[in-house]
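Worksheet: one structure, shown below.
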Amino acid sequence: MTNHSKQNTALIIGASRGLGLAMAAEYLTRGWNVTATVRGDGRTELHDLADSADGRLTVEKVDITVPEQVAALRARVASTAFDLLFVNAAITNGDVQVTEVSTETFNRVMVTNALSPIRVVEALQDVVPPTGTIGVMSSTQGSLTRNDRAGYEVYRASKSALNQLMRSFAARHAHDPRTMLLLCPGWVRTELGGPAALLTIEESVPGVVDTIEKHAGEGGLHFVNYQDQVVPW
């Protein structure tokens, strides 16, 4: 379990809205200090949250698809140790069969959903101490064994690729004591999940954070959902 005898710190990548924003708010509610990122220059709900956070929320800017910006963020946060690094980033091209998707669209989804999150993990891992957790927002749609009806093919492939890259990261750090998580939030009513999704953000995010805290200090790589149920690869 997380040690609450000190001020815990979280670095949440991708928190201007939706699940990332709700995670930042949840950690603030639980007494953590939070650094969270937005992609653009405009004001977001995260900035509004920071205004009411009594100095416990720092807003940083990074576009994770631009390696130079990731490196710059790494330099800015280098002096802080974070109990949690969590990367929340995903886009979808909709429910389009892969043969109808342009190469440009395929590349954009893969770069945003798979390549860029693992680049962030690689670049920022050193700010997470041996007792810390490194997490990435995944999806059950990235599960190969659960794909029995196709649909959202490029999105599925990008999440499968993300899972594979995270497994490779864990294999390269086989003796790393930190906990590593691929976390599925469930099908949530966000801009990405759509209005037909089964869960509200308020139903998903507390479970996401509870699951992260349950695995704190455990070590190893885990592919689990917001109810701490194991997701098959």
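In the structure tokens, the first chain shown is A, the next is B, and so on; residue numbers restart at 1 for each chain, and ligands run from 1 in the order shown.
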
Exercise. Would you kindly return, as a ChimeraX atom specification, each protein, DNA or RNA residue with an atom no farther than 10 Å from any atom of segment 75-77 of chain A, considering only C-alpha atoms and excluding same-chain residues fewer than 6 positions away?
Key: /A:11,35,60,69,123-124,127

Output N, CA and C atoms for every residue in that selection, as a compact mmCIF listing (two decimals), in the first residue's frame.
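Heads up, here's the output in selection.txt:
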# COMPACT_ATOMS: atom_id res chain seq x y z
N LEU A 11 3.07 12.43 -11.17
CA LEU A 11 3.27 13.11 -12.44
C LEU A 11 2.34 12.45 -13.44
N THR A 35 1.81 17.00 -10.35
CA THR A 35 2.23 17.72 -11.54
C THR A 35 1.54 17.05 -12.71
N GLU A 60 2.19 21.60 -16.30
CA GLU A 60 3.29 21.63 -17.26
C GLU A 60 2.73 21.43 -18.66
N GLN A 69 10.12 18.12 -26.81
CA GLN A 69 9.31 18.61 -25.71
C GLN A 69 9.33 17.65 -24.52
N ALA A 123 11.96 8.26 -21.04
CA ALA A 123 12.60 9.55 -20.75
C ALA A 123 12.46 9.96 -19.29
N LEU A 124 11.32 9.61 -18.67
CA LEU A 124 11.02 10.11 -17.33
C LEU A 124 11.18 9.08 -16.22
N VAL A 127 12.90 9.76 -12.71
CA VAL A 127 12.34 10.59 -11.65
C VAL A 127 11.46 9.76 -10.71

Self-check item: 8 Å contact set for Glu218 of chain A, only C-alpha atoms, chain neighbours under 3 positions out, as a ChimeraX atom specification
Solution: /A:177-179,215

Emit the selected residues as a short mmCIF file (atom, residue, chain, number, x, y, z; two decimals), in the first residue's frame, including C-alpha atoms.
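See result-v6.cif below for the written result:
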data_model
loop_
_atom_site.label_atom_id
_atom_site.label_comp_id
_atom_site.auth_asym_id
_atom_site.auth_seq_id
_atom_site.Cartn_x
_atom_site.Cartn_y
_atom_site.Cartn_z
CA PRO A 177 11.79 -3.11 -8.03
CA ARG A 178 9.25 -0.55 -9.26
CA THR A 179 5.66 -1.50 -10.01
CA HIS A 215 -0.13 -2.43 -6.41
#

Practice problem: Would you list, as JSON, numbers by chain, the residues of segment 30-94 of chain A that end up in helix (DSSP H, G or I) under DSSP run on this structure's backbone? | Solution: {"A": [45, 46, 47, 48, 49, 50, 51, 67, 68, 69, 70, 71, 72, 73, 74, 75, 76, 77]}

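Minimum atom-to-atom distances from A:Gln229, A:Asn163, A:Thr58, A:Thr65 to Arg119 of chain A were compared using only C-alpha atoms, and the lowest value belongs to A:Thr65.
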
Practice problem: Do a neighbour search on Trp32 of chain A at 10 Å with only C-alpha atoms, toss out local chain neighbours closer than 4 positions, and write the hits as number ranges by chain. | Solution: A: 4, 6-10, 24-28, 56-57, 83

Written file, previous selection with N, CA and C atoms, as a compact mmCIF listing (two decimals), in the first residue's frame:
# COMPACT_ATOMS: atom_id res chain seq x y z
N HIS A 4 1.44 6.88 3.35
CA HIS A 4 0.85 8.22 3.49
C HIS A 4 1.52 9.02 4.60
N LYS A 6 4.25 10.50 4.30
CA LYS A 6 4.91 11.62 3.65
C LYS A 6 3.98 12.16 2.57
N GLN A 7 4.38 13.29 1.99
CA GLN A 7 3.57 13.88 0.93
C GLN A 7 3.86 13.14 -0.37
N ASN A 8 2.90 12.37 -0.83
CA ASN A 8 3.09 11.63 -2.08
C ASN A 8 3.00 12.56 -3.27
N THR A 9 3.69 12.19 -4.33
CA THR A 9 3.75 13.04 -5.53
C THR A 9 3.43 12.21 -6.76
N ALA A 10 2.65 12.81 -7.66
CA ALA A 10 2.29 12.14 -8.91
C ALA A 10 2.60 13.04 -10.09
N ALA A 24 -6.02 13.62 -11.80
CA ALA A 24 -5.36 14.71 -11.07
C ALA A 24 -6.22 15.17 -9.90
N ALA A 25 -7.51 15.35 -10.15
CA ALA A 25 -8.43 15.78 -9.09
C ALA A 25 -8.53 14.74 -7.98
N GLU A 26 -8.56 13.47 -8.35
CA GLU A 26 -8.67 12.40 -7.36
C GLU A 26 -7.44 12.36 -6.46
N TYR A 27 -6.27 12.49 -7.05
CA TYR A 27 -5.05 12.47 -6.24
C TYR A 27 -4.97 13.69 -5.32
N LEU A 28 -5.44 14.83 -5.79
CA LEU A 28 -5.49 16.00 -4.92
C LEU A 28 -6.41 15.74 -3.73
N ARG A 56 -0.85 22.78 -4.68
CA ARG A 56 -0.47 21.37 -4.75
C ARG A 56 -0.55 20.79 -6.16
N LEU A 57 -0.97 21.61 -7.14
CA LEU A 57 -1.04 21.16 -8.53
C LEU A 57 -0.23 22.09 -9.41
N ASP A 83 6.33 9.54 -6.78
CA ASP A 83 5.89 8.21 -6.40
C ASP A 83 5.15 7.52 -7.54

From segment 165-224 of chain A, collect each residue whose DSSP state is strand (DSSP E or B) and return the set as an mmCIF file with N, CA and C atoms, in the first residue's frame.
data_model
loop_
_atom_site.group_PDB
_atom_site.id
_atom_site.type_symbol
_atom_site.label_atom_id
_atom_site.label_comp_id
_atom_site.auth_asym_id
_atom_site.auth_seq_id
_atom_site.Cartn_x
_atom_site.Cartn_y
_atom_site.Cartn_z
ATOM 1 N N THR A 179 6.872 -0.931 -9.448
ATOM 2 C CA THR A 179 5.662 -1.500 -10.011
ATOM 3 C C THR A 179 5.393 -0.867 -11.370
ATOM 4 N N MET A 180 4.997 -1.690 -12.342
ATOM 5 C CA MET A 180 4.636 -1.203 -13.670
ATOM 6 C C MET A 180 3.225 -1.675 -13.990
ATOM 7 N N LEU A 181 2.394 -0.758 -14.460
ATOM 8 C CA LEU A 181 0.985 -1.065 -14.676
ATOM 9 C C LEU A 181 0.528 -0.675 -16.071
ATOM 10 N N LEU A 182 -0.182 -1.571 -16.714
ATOM 11 C CA LEU A 182 -1.019 -1.260 -17.865
ATOM 12 C C LEU A 182 -2.444 -1.298 -17.341
ATOM 13 N N LEU A 183 -3.134 -0.161 -17.387
ATOM 14 C CA LEU A 183 -4.401 -0.038 -16.678
ATOM 15 C C LEU A 183 -5.542 0.264 -17.635
ATOM 16 N N CYS A 184 -6.564 -0.557 -17.568
ATOM 17 C CA CYS A 184 -7.774 -0.324 -18.360
ATOM 18 C C CYS A 184 -8.812 0.354 -17.483
ATOM 19 N N VAL A 188 -15.558 4.170 -20.764
ATOM 20 C CA VAL A 188 -15.953 5.372 -20.027
ATOM 21 C C VAL A 188 -16.498 6.427 -20.984
ATOM 22 N N LEU A 199 -19.654 3.468 -18.365
ATOM 23 C CA LEU A 199 -19.231 4.081 -17.111
ATOM 24 C C LEU A 199 -19.115 5.591 -17.223
ATOM 25 N N GLY A 220 7.026 -5.623 -10.450
ATOM 26 C CA GLY A 220 6.539 -6.407 -11.575
ATOM 27 C C GLY A 220 5.587 -5.632 -12.469
ATOM 28 N N LEU A 221 5.234 -6.242 -13.618
ATOM 29 C CA LEU A 221 4.315 -5.654 -14.587
ATOM 30 C C LEU A 221 2.955 -6.318 -14.466
ATOM 31 N N HIS A 222 1.894 -5.498 -14.431
ATOM 32 C CA HIS A 222 0.537 -6.004 -14.272
ATOM 33 C C HIS A 222 -0.377 -5.341 -15.305
ATOM 34 N N PHE A 223 -1.200 -6.150 -15.977
ATOM 35 C CA PHE A 223 -2.211 -5.657 -16.909
ATOM 36 C C PHE A 223 -3.558 -5.880 -16.234
ATOM 37 N N VAL A 224 -4.142 -4.804 -15.699
ATOM 38 C CA VAL A 224 -5.343 -4.899 -14.873
ATOM 39 C C VAL A 224 -6.332 -3.802 -15.254
#

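For Glu203 of chain A, the set of protein, DNA and RNA residues having any atom at most 10 Å away, when counting only C-alpha atoms and skipping those fewer than 3 positions along the same chain, is Pro185, Gly186, Val188, Leu198, Leu199, Thr200, Pro206, Gly207, Val208 and Tyr226 of chain A.
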
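Of the residues listed (A:Ser79, A:Thr99, A:Val136, A:Gly40), A:Val136 shows the shortest atom-to-atom separation from Ile13 of chain A; distances use only C-alpha atoms.
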
Exercise. List the neighbours of Tyr155 of chain A out to 9 Å using only C-alpha atoms; skip same-chain residues closer than 6 positions along the sequence, and give me the result as JSON, numbers by chain.
Key: {"A": [90, 91, 92, 93, 94, 95, 106, 109, 110, 113, 141, 142]}

Could you write out the selected residues, including all heavy atoms, as a short mmCIF file (atom, residue, chain, number, x, y, z; two decimals), in the first residue's frame?
data_model
loop_
_atom_site.label_atom_id
_atom_site.label_comp_id
_atom_site.auth_asym_id
_atom_site.auth_seq_id
_atom_site.Cartn_x
_atom_site.Cartn_y
_atom_site.Cartn_z
N ALA A 90 -4.28 8.95 -25.71
CA ALA A 90 -4.85 8.08 -26.73
C ALA A 90 -5.74 8.89 -27.66
O ALA A 90 -6.41 9.83 -27.24
CB ALA A 90 -5.66 6.95 -26.11
N ILE A 91 -5.72 8.50 -28.92
CA ILE A 91 -6.65 9.02 -29.91
C ILE A 91 -7.24 7.82 -30.65
O ILE A 91 -6.73 6.71 -30.58
CB ILE A 91 -5.98 9.97 -30.92
CG1 ILE A 91 -4.84 9.26 -31.67
CG2 ILE A 91 -5.46 11.21 -30.22
CD1 ILE A 91 -4.26 10.07 -32.82
N THR A 92 -8.34 8.05 -31.36
CA THR A 92 -8.93 7.00 -32.17
C THR A 92 -9.32 7.59 -33.52
O THR A 92 -9.60 8.79 -33.63
CB THR A 92 -10.15 6.37 -31.50
OG1 THR A 92 -10.68 5.35 -32.34
CG2 THR A 92 -11.23 7.41 -31.23
N ASN A 93 -9.34 6.74 -34.52
CA ASN A 93 -9.79 7.15 -35.85
C ASN A 93 -11.20 6.68 -36.11
O ASN A 93 -11.69 6.73 -37.24
CB ASN A 93 -8.86 6.57 -36.92
CG ASN A 93 -8.89 5.05 -36.95
OD1 ASN A 93 -8.66 4.42 -35.93
ND2 ASN A 93 -9.19 4.47 -38.10
N GLY A 94 -11.88 6.20 -35.06
CA GLY A 94 -13.23 5.70 -35.22
C GLY A 94 -13.24 4.23 -35.62
O GLY A 94 -12.21 3.58 -35.73
N ASP A 95 -14.43 3.72 -35.84
CA ASP A 95 -14.60 2.30 -36.17
C ASP A 95 -14.48 2.11 -37.67
O ASP A 95 -15.48 1.98 -38.39
CB ASP A 95 -15.95 1.81 -35.66
CG ASP A 95 -16.09 0.30 -35.74
OD1 ASP A 95 -15.10 -0.36 -36.11
OD2 ASP A 95 -17.18 -0.21 -35.44
N PHE A 106 -3.02 5.84 -39.86
CA PHE A 106 -2.47 4.71 -39.12
C PHE A 106 -1.23 5.14 -38.34
O PHE A 106 -1.10 4.84 -37.15
CB PHE A 106 -2.10 3.59 -40.11
CG PHE A 106 -1.59 2.35 -39.45
CD1 PHE A 106 -2.46 1.35 -39.04
CD2 PHE A 106 -0.23 2.17 -39.24
CE1 PHE A 106 -1.98 0.20 -38.42
CE2 PHE A 106 0.26 1.03 -38.62
CZ PHE A 106 -0.63 0.03 -38.22
N VAL A 109 -2.14 7.41 -35.24
CA VAL A 109 -2.69 6.68 -34.10
C VAL A 109 -1.58 5.88 -33.40
O VAL A 109 -1.48 5.87 -32.17
CB VAL A 109 -3.84 5.76 -34.54
CG1 VAL A 109 -4.31 4.88 -33.37
CG2 VAL A 109 -5.01 6.59 -35.07
N MET A 110 -0.75 5.23 -34.18
CA MET A 110 0.32 4.42 -33.58
C MET A 110 1.35 5.27 -32.84
O MET A 110 1.81 4.91 -31.75
CB MET A 110 1.02 3.59 -34.67
CG MET A 110 0.22 2.41 -35.14
SD MET A 110 0.13 1.14 -33.84
CE MET A 110 -0.84 -0.10 -34.69
N ASN A 113 -0.52 6.65 -29.59
CA ASN A 113 -1.00 5.67 -28.61
C ASN A 113 0.05 4.67 -28.14
O ASN A 113 -0.08 4.11 -27.05
CB ASN A 113 -2.18 4.89 -29.18
CG ASN A 113 -3.40 5.75 -29.40
OD1 ASN A 113 -3.38 6.96 -29.18
ND2 ASN A 113 -4.48 5.14 -29.84
N GLN A 141 -9.26 -3.46 -25.15
CA GLN A 141 -9.23 -3.62 -26.60
C GLN A 141 -7.83 -3.92 -27.11
O GLN A 141 -7.65 -4.31 -28.27
CB GLN A 141 -9.79 -2.36 -27.29
CG GLN A 141 -11.27 -2.18 -27.03
CD GLN A 141 -11.95 -1.33 -28.07
OE1 GLN A 141 -11.69 -1.46 -29.27
NE2 GLN A 141 -12.82 -0.45 -27.64
N GLY A 142 -6.83 -3.77 -26.25
CA GLY A 142 -5.48 -4.17 -26.62
C GLY A 142 -5.22 -5.64 -26.38
O GLY A 142 -4.15 -6.15 -26.73
#
